[in-house]
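*Asks:* Sharing run_34.cif below, mmCIF, C-alpha atoms:
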```
data_input
#
loop_
_atom_site.label_atom_id
_atom_site.label_comp_id
_atom_site.auth_asym_id
_atom_site.auth_seq_id
_atom_site.Cartn_x
_atom_site.Cartn_y
_atom_site.Cartn_z
CA MET A 18 108.20 105.26 87.54
CA ASP A 19 111.79 104.18 87.15
CA ARG A 20 113.22 107.55 86.07
CA ILE A 21 112.71 111.18 87.01
CA PRO A 22 112.42 113.29 83.85
CA ILE A 23 115.06 115.97 83.25
CA LEU A 24 113.96 118.93 81.14
CA ARG A 25 116.30 121.26 79.33
CA MET A 26 115.58 124.95 79.23
CA GLY A 27 118.35 126.75 77.43
CA ARG A 28 121.46 126.58 79.55
CA PHE A 29 119.64 125.10 82.51
CA LEU A 30 118.31 121.67 83.40
CA LEU A 31 115.05 121.39 85.33
CA VAL A 32 113.97 118.49 87.50
CA SER A 33 110.74 118.21 89.42
CA ILE A 34 110.62 115.31 91.84
CA GLN A 35 106.99 114.33 92.23
CA VAL A 36 107.15 110.83 93.63
CA ASP A 37 108.26 109.32 96.91
CA MET A 38 111.66 108.18 95.63
CA HIS A 39 113.04 104.82 96.58
CA ASP A 40 116.80 104.86 97.04
CA ARG A 41 117.72 103.42 93.67
CA LEU A 42 115.56 105.99 91.89
CA ALA A 43 117.41 108.78 93.69
CA LEU A 44 120.76 107.32 92.64
CA THR A 45 119.56 106.99 89.04
CA LEU A 46 118.62 110.67 89.09
CA GLN A 47 122.10 111.51 90.36
CA ASP A 48 123.71 109.59 87.48
CA ASP A 49 121.29 110.88 84.85
CA LEU A 50 121.78 114.49 85.90
CA THR A 51 125.55 114.40 85.78
CA ALA A 52 125.39 112.71 82.37
CA ARG A 53 123.00 115.39 81.06
CA ILE A 54 125.16 118.22 82.38
CA THR A 55 128.15 116.87 80.48
CA GLU A 56 126.10 116.15 77.37
CA THR A 57 124.39 119.57 77.20
CA GLY A 58 127.03 121.76 78.81
CA ALA A 59 124.31 123.06 81.11
CA ARG A 60 125.37 125.87 83.45
CA GLY A 61 122.62 125.44 85.99
CA VAL A 62 120.41 122.76 87.54
CA LEU A 63 117.12 123.55 89.23
CA ILE A 64 115.58 120.83 91.38
CA ASP A 65 111.99 121.35 92.49
CA ILE A 66 111.10 119.36 95.60
CA SER A 67 107.77 121.04 96.36
CA SER A 68 105.97 117.69 96.01
CA LEU A 69 108.33 115.87 98.36
CA GLU A 70 106.76 115.11 101.73
CA LEU A 71 110.04 113.96 103.17
CA VAL A 72 113.77 114.43 102.78
CA ASP A 73 115.65 111.92 104.87
CA SER A 74 119.42 111.62 105.23
CA PHE A 75 119.70 109.46 102.12
CA ILE A 76 117.83 111.85 99.83
CA GLY A 77 119.65 114.74 101.49
CA ARG A 78 122.96 113.12 100.70
CA VAL A 79 121.93 112.52 97.08
CA ILE A 80 120.96 116.20 96.71
CA GLY A 81 124.31 117.23 98.20
CA THR A 82 126.19 114.90 95.88
CA ILE A 83 124.32 116.23 92.84
CA ALA A 84 125.28 119.79 93.82
CA SER A 85 128.95 118.83 94.29
CA MET A 86 129.15 116.90 91.03
CA ALA A 87 127.44 119.74 89.18
CA ARG A 88 129.92 122.22 90.62
CA VAL A 89 132.85 120.15 89.42
CA LEU A 90 131.20 120.15 85.99
CA ASP A 91 130.88 123.95 86.12
CA ALA A 92 127.15 124.08 86.80
CA GLU A 93 125.28 125.65 89.71
CA THR A 94 122.51 123.78 91.52
CA VAL A 95 119.56 125.30 93.28
CA VAL A 96 116.91 123.35 95.20
CA VAL A 97 113.52 125.02 95.34
CA GLY A 98 110.14 124.58 97.01
CA MET A 99 111.07 122.75 100.18
CA ARG A 100 107.98 122.40 102.37
CA PRO A 101 108.20 124.01 105.81
CA ALA A 102 107.58 120.70 107.62
CA VAL A 103 110.38 119.11 105.61
CA ALA A 104 112.75 121.99 106.43
CA ILE A 105 112.00 121.75 110.17
CA THR A 106 112.52 117.99 110.14
CA LEU A 107 115.76 118.22 108.15
CA VAL A 108 117.32 120.60 110.62
CA GLU A 109 116.25 118.49 113.59
CA LEU A 110 117.61 115.41 111.87
CA GLY A 111 120.95 117.21 111.73
CA LEU A 112 121.07 117.76 108.02
CA ALA A 113 121.65 121.32 106.87
CA LEU A 114 122.41 120.55 103.20
CA PRO A 115 125.81 122.27 103.24
CA GLY A 116 126.90 123.60 99.88
CA VAL A 117 123.42 123.42 98.40
CA ARG A 118 121.74 126.65 97.34
CA THR A 119 118.03 126.84 98.04
CA ALA A 120 115.24 129.18 97.01
CA LEU A 121 111.63 129.40 98.08
CA ASN A 122 110.13 128.82 94.66
CA VAL A 123 110.96 128.18 91.00
CA GLU A 124 110.88 131.85 90.10
CA ARG A 125 113.43 132.84 92.73
CA GLY A 126 115.48 129.76 91.94
CA MET A 127 115.71 130.75 88.27
CA LYS A 128 116.77 134.27 89.27
CA LEU A 129 119.46 132.82 91.48
CA LEU A 130 120.74 130.61 88.67
CA GLU A 131 120.71 133.51 86.23
CA ALA A 132 122.66 135.66 88.63
CA ALA A 133 125.13 132.89 89.42
CA THR A 134 125.81 132.04 85.79
CA GLY A 135 125.60 135.53 84.37
CA GLY A 136 122.56 135.58 82.15
CA LYS A 137 119.14 134.38 81.11
CA PRO A 138 118.44 130.73 80.42
CA GLU A 139 118.59 131.21 76.62
CA PRO A 140 120.93 128.90 74.81
CA GLU A 141 124.32 130.29 74.01
CA GLY A 142 124.88 131.42 70.44
CA THR A 143 125.92 128.97 67.76
CA GLY A 144 129.43 130.32 67.87
CA ASP A 145 131.34 130.53 71.07
CA ALA A 146 131.54 134.32 70.96
CA GLY A 147 128.92 134.50 73.70
CA SER A 148 126.92 137.39 72.26
CA GLU A 149 124.18 137.18 74.87
CA GLU A 150 122.16 140.27 75.57
CA MET B 19 99.95 100.28 127.54
CA PRO B 20 96.87 99.39 125.48
CA VAL B 21 97.56 98.80 121.81
CA LEU B 22 94.70 99.98 119.62
CA LYS B 23 95.98 98.60 116.37
CA SER B 24 99.01 96.74 115.11
CA ASN B 25 100.48 95.63 111.83
CA THR B 26 103.80 94.21 110.65
CA LEU B 27 105.56 95.08 107.39
CA PRO B 28 108.61 93.42 105.86
CA ILE B 29 111.76 95.42 105.08
CA ARG B 30 113.60 93.52 102.38
CA SER B 31 114.12 96.05 99.58
CA ASP B 32 114.24 99.79 99.06
CA ALA B 33 110.67 99.63 97.71
CA ASP B 34 109.70 98.28 101.16
CA ILE B 35 111.19 101.41 102.75
CA VAL B 36 108.78 103.49 100.66
CA GLN B 37 105.91 101.23 101.80
CA VAL B 38 106.92 101.71 105.44
CA ARG B 39 107.00 105.49 104.98
CA GLN B 40 103.51 105.44 103.48
CA ALA B 41 102.08 103.16 106.18
CA VAL B 42 103.54 105.37 108.92
CA ARG B 43 102.19 108.48 107.21
CA ASN B 44 98.69 106.94 107.04
CA LEU B 45 98.74 106.02 110.73
CA ALA B 46 100.01 109.49 111.70
CA VAL B 47 97.16 111.06 109.71
CA GLU B 48 94.67 108.70 111.39
CA LEU B 49 95.97 109.87 114.78
CA ASN B 50 95.51 113.50 113.71
CA PHE B 51 99.20 114.32 113.92
CA GLY B 52 99.99 117.79 112.60
CA LEU B 53 101.98 118.08 109.39
CA VAL B 54 105.33 118.69 111.13
CA ASP B 55 104.80 115.76 113.52
CA GLN B 56 103.82 113.52 110.61
CA THR B 57 106.95 114.50 108.73
CA LYS B 58 109.17 113.90 111.77
CA VAL B 59 107.88 110.44 112.53
CA VAL B 60 107.88 109.39 108.85
CA THR B 61 111.46 110.63 108.45
CA ALA B 62 112.56 108.78 111.61
CA ALA B 63 110.87 105.63 110.26
CA SER B 64 112.65 106.04 106.93
CA GLU B 65 116.06 106.29 108.64
CA LEU B 66 115.45 103.22 110.78
CA ALA B 67 113.97 101.18 107.94
CA ARG B 68 117.10 101.89 105.90
CA ASN B 69 119.30 100.81 108.82
CA THR B 70 117.31 97.58 109.07
CA LEU B 71 117.90 96.93 105.38
CA ASP B 72 121.49 98.14 104.97
CA HIS B 73 123.04 97.13 108.26
CA GLY B 74 120.67 94.41 109.45
CA GLY B 75 120.36 92.69 106.08
CA GLY B 76 116.58 93.14 106.16
CA GLY B 77 113.93 92.51 108.77
CA SER B 78 110.56 93.90 109.69
CA VAL B 79 108.75 96.72 111.41
CA LEU B 80 105.87 96.42 113.84
CA LEU B 81 103.55 99.43 113.68
CA GLU B 82 101.36 100.03 116.73
CA THR B 83 98.88 102.68 117.71
CA LEU B 84 98.99 103.22 121.46
CA GLN B 85 96.62 104.76 123.95
CA GLU B 86 97.89 105.89 127.34
CA GLY B 87 95.36 107.81 129.40
CA ASP B 88 93.96 110.36 127.02
CA ARG B 89 96.98 110.56 124.77
CA LYS B 90 97.62 108.51 121.69
CA GLY B 91 100.89 107.64 120.11
CA LEU B 92 102.59 105.81 117.30
CA CYS B 93 105.04 103.10 118.27
CA LEU B 94 107.36 101.56 115.68
CA THR B 95 109.64 98.60 116.34
CA PHE B 96 112.31 97.75 113.79
CA GLU B 97 113.86 94.35 114.10
CA ASP B 98 116.57 92.53 112.20
CA THR B 99 118.63 89.40 112.69
CA GLY B 100 121.77 90.94 111.27
CA PRO B 101 125.27 91.24 112.68
CA GLY B 102 124.25 93.55 115.53
CA ILE B 103 126.02 96.69 116.71
CA ARG B 104 129.15 96.26 118.81
CA ASP B 105 129.24 99.77 120.23
CA VAL B 106 125.73 101.23 120.42
CA GLU B 107 126.94 104.48 121.97
CA GLN B 108 129.31 105.08 119.08
CA ALA B 109 126.60 104.18 116.54
CA MET B 110 124.29 106.76 118.08
CA ARG B 111 126.80 109.54 117.53
CA ASP B 112 126.21 111.84 114.57
CA GLY B 113 128.58 111.32 111.71
CA TYR B 114 129.40 107.75 112.64
CA THR B 115 128.71 105.58 109.63
CA THR B 116 129.66 102.20 108.32
CA GLY B 117 127.32 102.38 105.35
CA LYS B 118 126.46 104.71 102.54
CA GLY B 119 124.54 107.26 104.59
CA MET B 120 125.64 110.30 106.51
CA GLY B 121 125.63 108.65 109.90
CA LEU B 122 122.57 110.53 111.07
CA GLY B 123 120.19 107.58 111.15
CA LEU B 124 120.07 106.53 114.80
CA GLY B 125 120.82 109.89 116.41
CA GLY B 126 118.47 111.64 113.99
CA ALA B 127 115.65 109.17 114.62
CA LYS B 128 116.08 109.71 118.36
CA ARG B 129 115.85 113.47 117.99
CA LEU B 130 112.72 113.20 115.86
CA THR B 131 110.76 111.11 118.36
CA HIS B 132 109.77 111.24 122.02
CA GLU B 133 110.95 107.83 123.14
CA PHE B 134 113.76 105.74 121.77
CA PHE B 135 114.96 102.30 122.80
CA ILE B 136 117.67 100.23 121.22
CA HIS B 137 118.81 96.74 121.97
CA SER B 138 121.50 95.09 119.94
CA GLU B 139 123.45 91.90 120.33
CA VAL B 140 126.43 90.99 118.19
CA GLY B 141 125.58 88.00 116.02
CA VAL B 142 121.91 88.08 117.02
CA GLY B 143 120.41 91.30 115.70
CA THR B 144 119.13 94.74 116.51
CA LYS B 145 115.81 96.02 117.75
CA VAL B 146 114.95 99.71 117.78
CA THR B 147 111.68 101.08 119.14
CA ILE B 148 110.49 104.66 118.76
CA ILE B 149 107.35 106.34 120.04
CA ARG B 150 105.95 109.67 118.98
CA TRP B 151 103.01 110.92 121.05
CA LYS B 152 100.32 113.13 119.64
#
```
Let me see the file written as structure tokens.
*Replies:*
Amino acid sequence: MDRIPILRMGRFLLVSIQVDMHDRLALTLQDDLTARITETGARGVLIDISSLELVDSFIGRVIGTIASMARVLDAETVVVGMRPAVAITLVELGLALPGVRTALNVERGMKLLEAATGGKPEPEGTGDAGSEE
Amino acid sequence: MPVLKSNTLPIRSDADIVQVRQAVRNLAVELNFGLVDQTKVVTAASELARNTLDHGGGGSVLLETLQEGDRKGLCLTFEDTGPGIRDVEQAMRDGYTTGKGMGLGLGGAKRLTHEFFIHSEVGVGTKVTIIRWK
């Protein structure tokens, strides 16, 4: 696989990383995500890492960079589903993912994004009046 | 220390780093490492493999399964013929980086394993050995 798919769900973008990423693949994801945020005007990004058996300093840095870039582009990022063994290892490695919001699972992650961006993931109205319920 | 099994893998591209991670994972599973121990040793291997590639210009890793008395362990030796490290103590410190990482590679790998040895000579290369016991 040479690209991680990015799904759009209303105002949010969803990414599920299901392969052991080589470094270039992680950087491609970083570029693709920032491009998609700009293109779609997404307000939130949810990254599911429940399939990842490892987060080393490189992948950690890429996740941190994605969150920073998203913030500059007015989107919130939440990382969900980190495995306990991965969390323990990350902390021992010295990586605390500063500035990255995390949630235990997709459901809680979506709630967090909704709360942070003020609403459900439905697309905004055709006009810019923002008549969300 | 008796070596039960040994194998060498090249580290020449970032796809090789993924191969190293998988080989280390398989050996850790064979040795009945718990999930947290597996993750620690694989993560340490990933950090060191990336150092070998990024700073050492590529090299190899020797993977060995050790037996000492009734304990078993996984010993990994990363070797490159790159520029070497002038100040090893400084390189071990968290946050010190010359590359694209976060400077956690060497110090992090040391914290994630039980034994850590480094030998580096400027102009000759660097050799890092880690052992994680079961």
*Asks:* Quick check on the file I pasted: which residues fall under the PyMOL selection byres ((chain B and resi 142-152) around 9)? Write them as a VMD selection string.
*Replies:* chain B and resid 46 49 to 52 55 58 to 59 62 to 63 66 70 74 84 89 to 103 127 to 128 130 to 141
*Asks:* Using all atoms listed in the file, determine which residues lie at most 7 Å from Leu30 (chain A), disregarding the query and same-chain residues fewer than 6 positions distant; provide the list as a ChimeraX atom specification.
*Replies:* /A:23-24,59,61-63
*Asks:* What are the residues of chain A lining chain B at 10 Å or less? Count all atoms listed in the file, and put the answer as a list in words.
*Replies:*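 That gives Asp37, Met38, His39, Asp40, Arg41, Leu42, Glu70, Leu71, Val72, Asp73, Ser74, Phe75, Ile76, Gly77, Arg78, Val79, Arg100, Pro101, Ala102, Val103, Ala104, Ile105, Thr106, Leu107, Val108, Glu109, Leu110, Gly111 and Leu112 of chain A for chain A.
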*Asks:* Could you list, as a PyMOL selection string, every residue within 9 Å of Ile64 (chain A), counting only C-alpha atoms and ignoring same-chain residues fewer than 6 positions away?
*Replies:* chain A and resi 30-34+80+94-98+123+126
*Asks:* Based on the selection just made, write C-alpha atoms of those residues as an mmCIF file, in the coordinates of the input.
*Replies:*
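New file again.cif:
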```cif
data_model
loop_
_atom_site.group_PDB
_atom_site.id
_atom_site.type_symbol
_atom_site.label_atom_id
_atom_site.label_comp_id
_atom_site.auth_asym_id
_atom_site.auth_seq_id
_atom_site.Cartn_x
_atom_site.Cartn_y
_atom_site.Cartn_z
ATOM 1 C CA LEU A 30 118.310 121.670 83.400
ATOM 2 C CA LEU A 31 115.050 121.390 85.330
ATOM 3 C CA VAL A 32 113.970 118.490 87.500
ATOM 4 C CA SER A 33 110.740 118.210 89.420
ATOM 5 C CA ILE A 34 110.620 115.310 91.840
ATOM 6 C CA ILE A 80 120.960 116.200 96.710
ATOM 7 C CA THR A 94 122.510 123.780 91.520
ATOM 8 C CA VAL A 95 119.560 125.300 93.280
ATOM 9 C CA VAL A 96 116.910 123.350 95.200
ATOM 10 C CA VAL A 97 113.520 125.020 95.340
ATOM 11 C CA GLY A 98 110.140 124.580 97.010
ATOM 12 C CA VAL A 123 110.960 128.180 91.000
ATOM 13 C CA GLY A 126 115.480 129.760 91.940
#
```
*Asks:* What does the distance from CA of Thr57 (chain A) to CA of Met26 (chain A) come to in Å, to one decimal?
*Replies:*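 Atom-to-atom, CA of Thr57 (chain A) to CA of Met26 (chain A), that is 10.5 Å.
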*Asks:* Go through B:Ala109, B:Val21, B:Val79, B:Leu71 and flag the residue nearest Val38 (chain B), using only C-alpha atoms for the distances.
*Replies:* B:Val79
*Asks:* Using only C-alpha atoms, can you tell me which of A:Thr134, A:Gln35, A:Thr45, A:Ser85 comes closest to Asp65 (chain A)?
*Replies:*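 Of the candidates, the smallest distance to Asp65 (chain A) is held by A:Gln35.
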*Asks:* Between CA of Asn69 (chain B) and CA of Asp19 (chain A), what is the distance in Å, rounded to a tenth?
*Replies:*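 Taking CA of Asn69 (chain B) as the start and CA of Asp19 (chain A) as the end point, the length is 23.2 Å.
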*Asks:* Take the PyMOL selection byres ((chain B and resi 81) around 6), run it mentally on this structure, and tell me the resulting residues as a PyMOL selection string.
*Replies:* chain B and resi 24-25+80+82+94
*Asks:* What's the separation between CA of Arg118 (chain A) and CA of Ala43 (chain A), in Å to one decimal place?
*Replies:*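 Value for the CA of Arg118 (chain A)-CA of Ala43 (chain A) distance: 18.7 Å.
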*Asks:* I'd like the residues picked by the PyMOL selection byres ((chain A and resi 87-90) around 9) written out as number ranges by chain, using the chain letters and numbers from the file.
*Replies:* A: 50-51, 54-55, 58-62, 82-86, 91-94
